[in-house]
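Chemist: One structure, as structure tokens, below. Some questions next.
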Amino acid sequence: MSARTIDGKAAAEAVRAAVAAEVARLSSAHGLVPGLAVVLVGDDPASAVYVRGKGKATIAAGMRSFEHRLPAETTQDALLALIARLNADPAVHGILVQLPVPKHIDPLAVILAIDPAKDVDGLHPMNSGRLASGLPALVPCTPLGCLHLAKSLHGSLAGLDAVVVGRSNLVGKPVAQLLLAENVTVTIAHSRTRDLPAVCRRADLLVAAVGKPGMIRGDWIKPGATVIDVGINRVPTDDGKGRLVGDVAFDEAVAVAGAITPVPGGVGPTTIAFLLVNTVRAACAAAGLPAPKI
């Protein structure tokens, strides 16, 4: 048996094409051009790559891109003042502050400073609370990508038994809430879970989001299960460049699972695609227009 590889790049391209079409329609019909502001504090190389990719994708979709690159020594007060200006700017519909921020800045203070209506990262307690209550909300982009990939494979997820390994506010908790809304039976597992391999083995849908390379082994997976690997971990190689791997031991898992997302090329590309979706949704809400069907 060899698992089907879920093509996250193709899925993301389709979502981005739908976003571009919706942006063109909004601009033509309503004079509305969604705008996304991305803020980077410091010079972390990985964060710089992410910010550059987000900017390119925003422009490619026909949206306005506002990049703010601040030095690492920027004070928390200065960052919060910038966020306040972006909150008040009607051309900015979405605000994303690239995490992590330097250690002298409190990330929670940053999250709380962002207007929940512009919180396209979906991390503000107002949005996470609305998600947990089953109300419309801006939802973290990576969980939206996970759900999209799972639904593209299964159609309806109702009745499936899912295990989410990881309980972060960015992935684990929101992906569990999204799955609950799809009538999935959900278990959230973590480092304190007893007999984690046995818990994973009962899952029809296994979502790995722990940040530990290759932690989920092949014999942890139920034969035929769908595996969504959120992990992006760089491990050393002999040439010194390193390579990206997921939280799942892919070579072992592919022999057991029914379908699996690769790393890279799985969940990752969908994250930026749904950042664009969130920005368009925020723009429509700000303009009093119906939520776009993308």
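Identifiers in this document derive from the order of the structure tokens: chains are assigned A, B, ..., residues are numbered from 1 separately in each chain, and ligands are numbered from 1 in order of occurrence.
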Among range 8-253 of chain A, which residues does DSSP mark as strand (DSSP E) when it is run on the backbone? Keep the chain and numbering as in the structure and answer as a PyMOL selection string.

Modeler: chain A and resi 35-41+64-70+94-97+161-165+185-189+205-208+226-229+233-235+243-245

Chemist: Go ahead and save the picked residues with N, CA and C atoms, as a short mmCIF file (atom, residue, chain, number, x, y, z; two decimals), in the first residue's frame.

Modeler:
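Saved result, out.cif, follows:
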```cif
data_model
loop_
_atom_site.label_atom_id
_atom_site.label_comp_id
_atom_site.auth_asym_id
_atom_site.auth_seq_id
_atom_site.Cartn_x
_atom_site.Cartn_y
_atom_site.Cartn_z
N GLY A 35 -6.87 45.37 1.37
CA GLY A 35 -5.49 45.72 1.69
C GLY A 35 -4.98 44.94 2.89
N LEU A 36 -3.77 44.41 2.76
CA LEU A 36 -3.15 43.63 3.83
C LEU A 36 -1.85 44.29 4.29
N ALA A 37 -1.74 44.55 5.57
CA ALA A 37 -0.52 45.10 6.15
C ALA A 37 0.20 44.00 6.92
N VAL A 38 1.47 43.79 6.57
CA VAL A 38 2.30 42.80 7.27
C VAL A 38 3.45 43.55 7.95
N VAL A 39 3.64 43.24 9.24
CA VAL A 39 4.66 43.92 10.03
C VAL A 39 5.72 42.90 10.45
N LEU A 40 6.96 43.21 10.17
CA LEU A 40 8.09 42.36 10.57
C LEU A 40 9.01 43.16 11.47
N VAL A 41 9.27 42.65 12.65
CA VAL A 41 10.18 43.30 13.58
C VAL A 41 11.45 42.44 13.68
N ARG A 64 -3.94 45.28 -2.25
CA ARG A 64 -2.92 46.23 -1.82
C ARG A 64 -2.07 45.59 -0.73
N SER A 65 -0.76 45.75 -0.85
CA SER A 65 0.18 45.20 0.14
C SER A 65 0.90 46.35 0.83
N PHE A 66 0.86 46.34 2.17
CA PHE A 66 1.55 47.34 2.98
C PHE A 66 2.54 46.61 3.88
N GLU A 67 3.83 46.75 3.57
CA GLU A 67 4.86 46.08 4.37
C GLU A 67 5.54 47.09 5.30
N HIS A 68 5.71 46.69 6.55
CA HIS A 68 6.40 47.51 7.53
C HIS A 68 7.51 46.66 8.14
N ARG A 69 8.74 46.98 7.80
CA ARG A 69 9.91 46.26 8.34
C ARG A 69 10.59 47.14 9.37
N LEU A 70 10.57 46.70 10.60
CA LEU A 70 11.09 47.49 11.71
C LEU A 70 12.36 46.86 12.27
N GLY A 94 -6.65 44.01 6.67
CA GLY A 94 -6.05 42.93 7.44
C GLY A 94 -4.70 43.34 7.97
N ILE A 95 -4.41 42.94 9.21
CA ILE A 95 -3.12 43.24 9.85
C ILE A 95 -2.52 41.93 10.34
N LEU A 96 -1.28 41.69 9.97
CA LEU A 96 -0.55 40.51 10.45
C LEU A 96 0.82 40.96 10.95
N VAL A 97 1.09 40.71 12.21
CA VAL A 97 2.42 40.93 12.76
C VAL A 97 3.13 39.58 12.77
N ASP A 161 -13.53 10.03 13.01
CA ASP A 161 -12.83 10.11 14.29
C ASP A 161 -11.48 10.77 14.03
N ALA A 162 -11.28 11.96 14.58
CA ALA A 162 -10.05 12.71 14.35
C ALA A 162 -9.23 12.83 15.62
N VAL A 163 -7.93 12.79 15.47
CA VAL A 163 -7.00 13.08 16.57
C VAL A 163 -6.11 14.22 16.12
N VAL A 164 -6.06 15.27 16.92
CA VAL A 164 -5.19 16.41 16.68
C VAL A 164 -4.07 16.35 17.71
N VAL A 165 -2.84 16.18 17.25
CA VAL A 165 -1.70 16.11 18.17
C VAL A 165 -1.07 17.50 18.22
N THR A 185 -15.80 13.76 15.33
CA THR A 185 -15.49 13.45 16.73
C THR A 185 -14.00 13.70 16.93
N VAL A 186 -13.66 14.63 17.84
CA VAL A 186 -12.29 15.14 17.93
C VAL A 186 -11.66 14.84 19.29
N THR A 187 -10.44 14.33 19.24
CA THR A 187 -9.60 14.19 20.43
C THR A 187 -8.38 15.09 20.24
N ILE A 188 -8.10 15.93 21.24
CA ILE A 188 -6.87 16.73 21.22
C ILE A 188 -5.86 16.02 22.11
N ALA A 189 -4.75 15.61 21.50
CA ALA A 189 -3.69 14.92 22.22
C ALA A 189 -2.48 15.84 22.33
N LEU A 205 -8.72 10.51 10.78
CA LEU A 205 -8.06 11.74 10.34
C LEU A 205 -7.09 12.15 11.43
N LEU A 206 -5.80 12.17 11.11
CA LEU A 206 -4.76 12.48 12.08
C LEU A 206 -4.08 13.79 11.68
N VAL A 207 -4.13 14.79 12.56
CA VAL A 207 -3.50 16.09 12.31
C VAL A 207 -2.32 16.23 13.27
N ALA A 208 -1.11 16.36 12.71
CA ALA A 208 0.10 16.44 13.53
C ALA A 208 0.60 17.88 13.53
N THR A 226 -6.24 9.33 6.87
CA THR A 226 -5.75 10.56 6.25
C THR A 226 -4.87 11.28 7.26
N VAL A 227 -3.67 11.66 6.84
CA VAL A 227 -2.71 12.31 7.73
C VAL A 227 -2.40 13.72 7.22
N ILE A 228 -2.67 14.70 8.05
CA ILE A 228 -2.37 16.10 7.74
C ILE A 228 -1.20 16.52 8.61
N ASP A 229 -0.04 16.71 7.98
CA ASP A 229 1.21 17.01 8.70
C ASP A 229 1.48 18.51 8.62
N ASN A 233 9.98 21.46 10.05
CA ASN A 233 11.18 21.40 10.87
C ASN A 233 12.40 21.27 9.98
N ARG A 234 13.42 22.04 10.27
CA ARG A 234 14.66 21.94 9.50
C ARG A 234 15.63 21.03 10.25
N VAL A 235 16.07 19.98 9.59
CA VAL A 235 17.01 19.03 10.20
C VAL A 235 18.33 19.10 9.44
N ARG A 243 17.40 20.22 5.62
CA ARG A 243 16.22 19.96 4.80
C ARG A 243 14.98 20.04 5.68
N LEU A 244 13.86 20.32 5.04
CA LEU A 244 12.60 20.44 5.76
C LEU A 244 11.91 19.09 5.87
N VAL A 245 11.45 18.78 7.08
CA VAL A 245 10.67 17.56 7.31
C VAL A 245 9.48 17.92 8.19
#
```

Chemist: With a distance cut-off of 9 Å and only C-alpha atoms, select the neighbouring residues of Ala253 in chain A, excluding the residue or stretch itself and same-chain residues fewer than 2 positions from it, and output the selection as a compact mmCIF listing (two decimals) with N, CA, C and O atoms, in the first residue's frame.

Modeler:
```
# COMPACT_ATOMS: atom_id res chain seq x y z
N SER A 2 0.51 2.23 -0.78
CA SER A 2 1.21 3.50 -0.78
C SER A 2 0.20 4.62 -0.74
O SER A 2 -0.73 4.65 -1.55
N ALA A 3 0.35 5.51 0.23
CA ALA A 3 -0.64 6.56 0.43
C ALA A 3 -0.68 7.54 -0.74
O ALA A 3 0.33 7.79 -1.39
N ILE A 216 5.65 11.36 14.80
CA ILE A 216 4.57 10.41 14.53
C ILE A 216 5.10 9.31 13.63
O ILE A 216 5.43 9.54 12.47
N ARG A 217 5.20 8.11 14.16
CA ARG A 217 5.78 7.00 13.40
C ARG A 217 4.71 6.26 12.61
O ARG A 217 3.50 6.39 12.85
N GLY A 218 5.18 5.45 11.67
CA GLY A 218 4.26 4.71 10.82
C GLY A 218 3.31 3.81 11.58
O GLY A 218 2.13 3.70 11.23
N ASP A 219 3.82 3.18 12.66
CA ASP A 219 2.95 2.25 13.39
C ASP A 219 2.01 2.97 14.36
O ASP A 219 1.29 2.32 15.12
N TRP A 220 2.02 4.31 14.35
CA TRP A 220 1.04 5.09 15.11
C TRP A 220 -0.22 5.36 14.27
O TRP A 220 -1.19 5.93 14.77
N ILE A 221 -0.19 5.00 13.02
CA ILE A 221 -1.23 5.42 12.07
C ILE A 221 -2.16 4.26 11.75
O ILE A 221 -1.72 3.13 11.46
N VAL A 227 -3.67 11.66 6.84
CA VAL A 227 -2.71 12.31 7.73
C VAL A 227 -2.40 13.72 7.22
O VAL A 227 -1.96 13.89 6.09
N VAL A 248 5.65 14.02 10.98
CA VAL A 248 5.36 12.61 10.70
C VAL A 248 6.55 11.99 9.97
O VAL A 248 7.13 12.61 9.08
N ALA A 249 6.91 10.79 10.36
CA ALA A 249 7.96 10.04 9.65
C ALA A 249 7.38 9.61 8.31
O ALA A 249 6.75 8.56 8.19
N PHE A 250 7.60 10.43 7.29
CA PHE A 250 6.87 10.30 6.03
C PHE A 250 7.07 8.93 5.38
O PHE A 250 6.10 8.29 4.94
N ASP A 251 8.31 8.48 5.29
CA ASP A 251 8.59 7.22 4.59
C ASP A 251 7.89 6.04 5.25
O ASP A 251 7.50 5.08 4.58
N ALA A 255 3.49 4.18 3.80
CA ALA A 255 3.22 2.76 3.60
C ALA A 255 1.97 2.29 4.34
O ALA A 255 1.52 1.16 4.13
N VAL A 256 1.41 3.17 5.20
CA VAL A 256 0.27 2.77 6.03
C VAL A 256 -0.97 3.62 5.74
O VAL A 256 -2.08 3.10 5.63
N ALA A 257 -0.78 4.92 5.63
CA ALA A 257 -1.89 5.85 5.49
C ALA A 257 -2.59 5.69 4.15
O ALA A 257 -2.05 5.14 3.19
N ILE A 260 -1.73 11.46 2.60
CA ILE A 260 -0.86 12.20 3.51
C ILE A 260 -0.37 13.47 2.82
O ILE A 260 -0.15 13.48 1.60
```

Chemist: Which neighbours of Val280 in chain A fall inside 8 Å, counting only C-alpha atoms, when residues of the same chain fewer than 6 positions from it are skipped, and could you give them as a PDB file with C-alpha atoms, in the first residue's frame?

Modeler:
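What ended up in around.pdb:
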```pdb
ATOM      1  CA  VAL A  19      -9.356  35.083  -4.438  1.00  0.00           C
ATOM      2  CA  VAL A  23     -10.891  40.804  -5.740  1.00  0.00           C
ATOM      3  CA  PRO A  34      -8.697  44.655  -0.046  1.00  0.00           C
ATOM      4  CA  HIS A  93      -8.430  45.521   6.010  1.00  0.00           C
ATOM      5  CA  PRO A 292     -17.374  36.012  -0.207  1.00  0.00           C
TER       6      PRO A 292
END
```

Chemist: So that I can see what lies close to range 121-138 of chain A, please list as a PyMOL selection string the residues with an atom at most 7 Å from it, counting only C-alpha atoms and leaving out residues fewer than 3 positions away in the same chain.

Modeler: chain A and resi 96+111-112+116+141+170+177+278

Chemist: From the DSSP assignment of the backbone, select every residue of range 80-187 of chain A that is helix (DSSP H, G or I), and format the answer as a VMD selection string.

Modeler: chain A and resid 80 to 88 107 to 113 116 to 118 125 to 132 141 to 154 172 to 181

Chemist: Would you pick out the contacts of Lys103 in chain A at 12 Å or less, using only C-alpha atoms, so that residues sharing its chain but fewer than 4 positions from it are not included, and give the list as a PyMOL selection string?

Modeler: chain A and resi 41-42+72-76+99+107-108

Chemist: Given the choices A:Ala46, A:Met63, A:Val175, A:Val110, which gets closest to Ile232 in chain A if the distance is worked out from only C-alpha atoms?

Modeler: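 Residue with the minimum atom-to-atom distance to Ile232 in chain A: A:Ala46.
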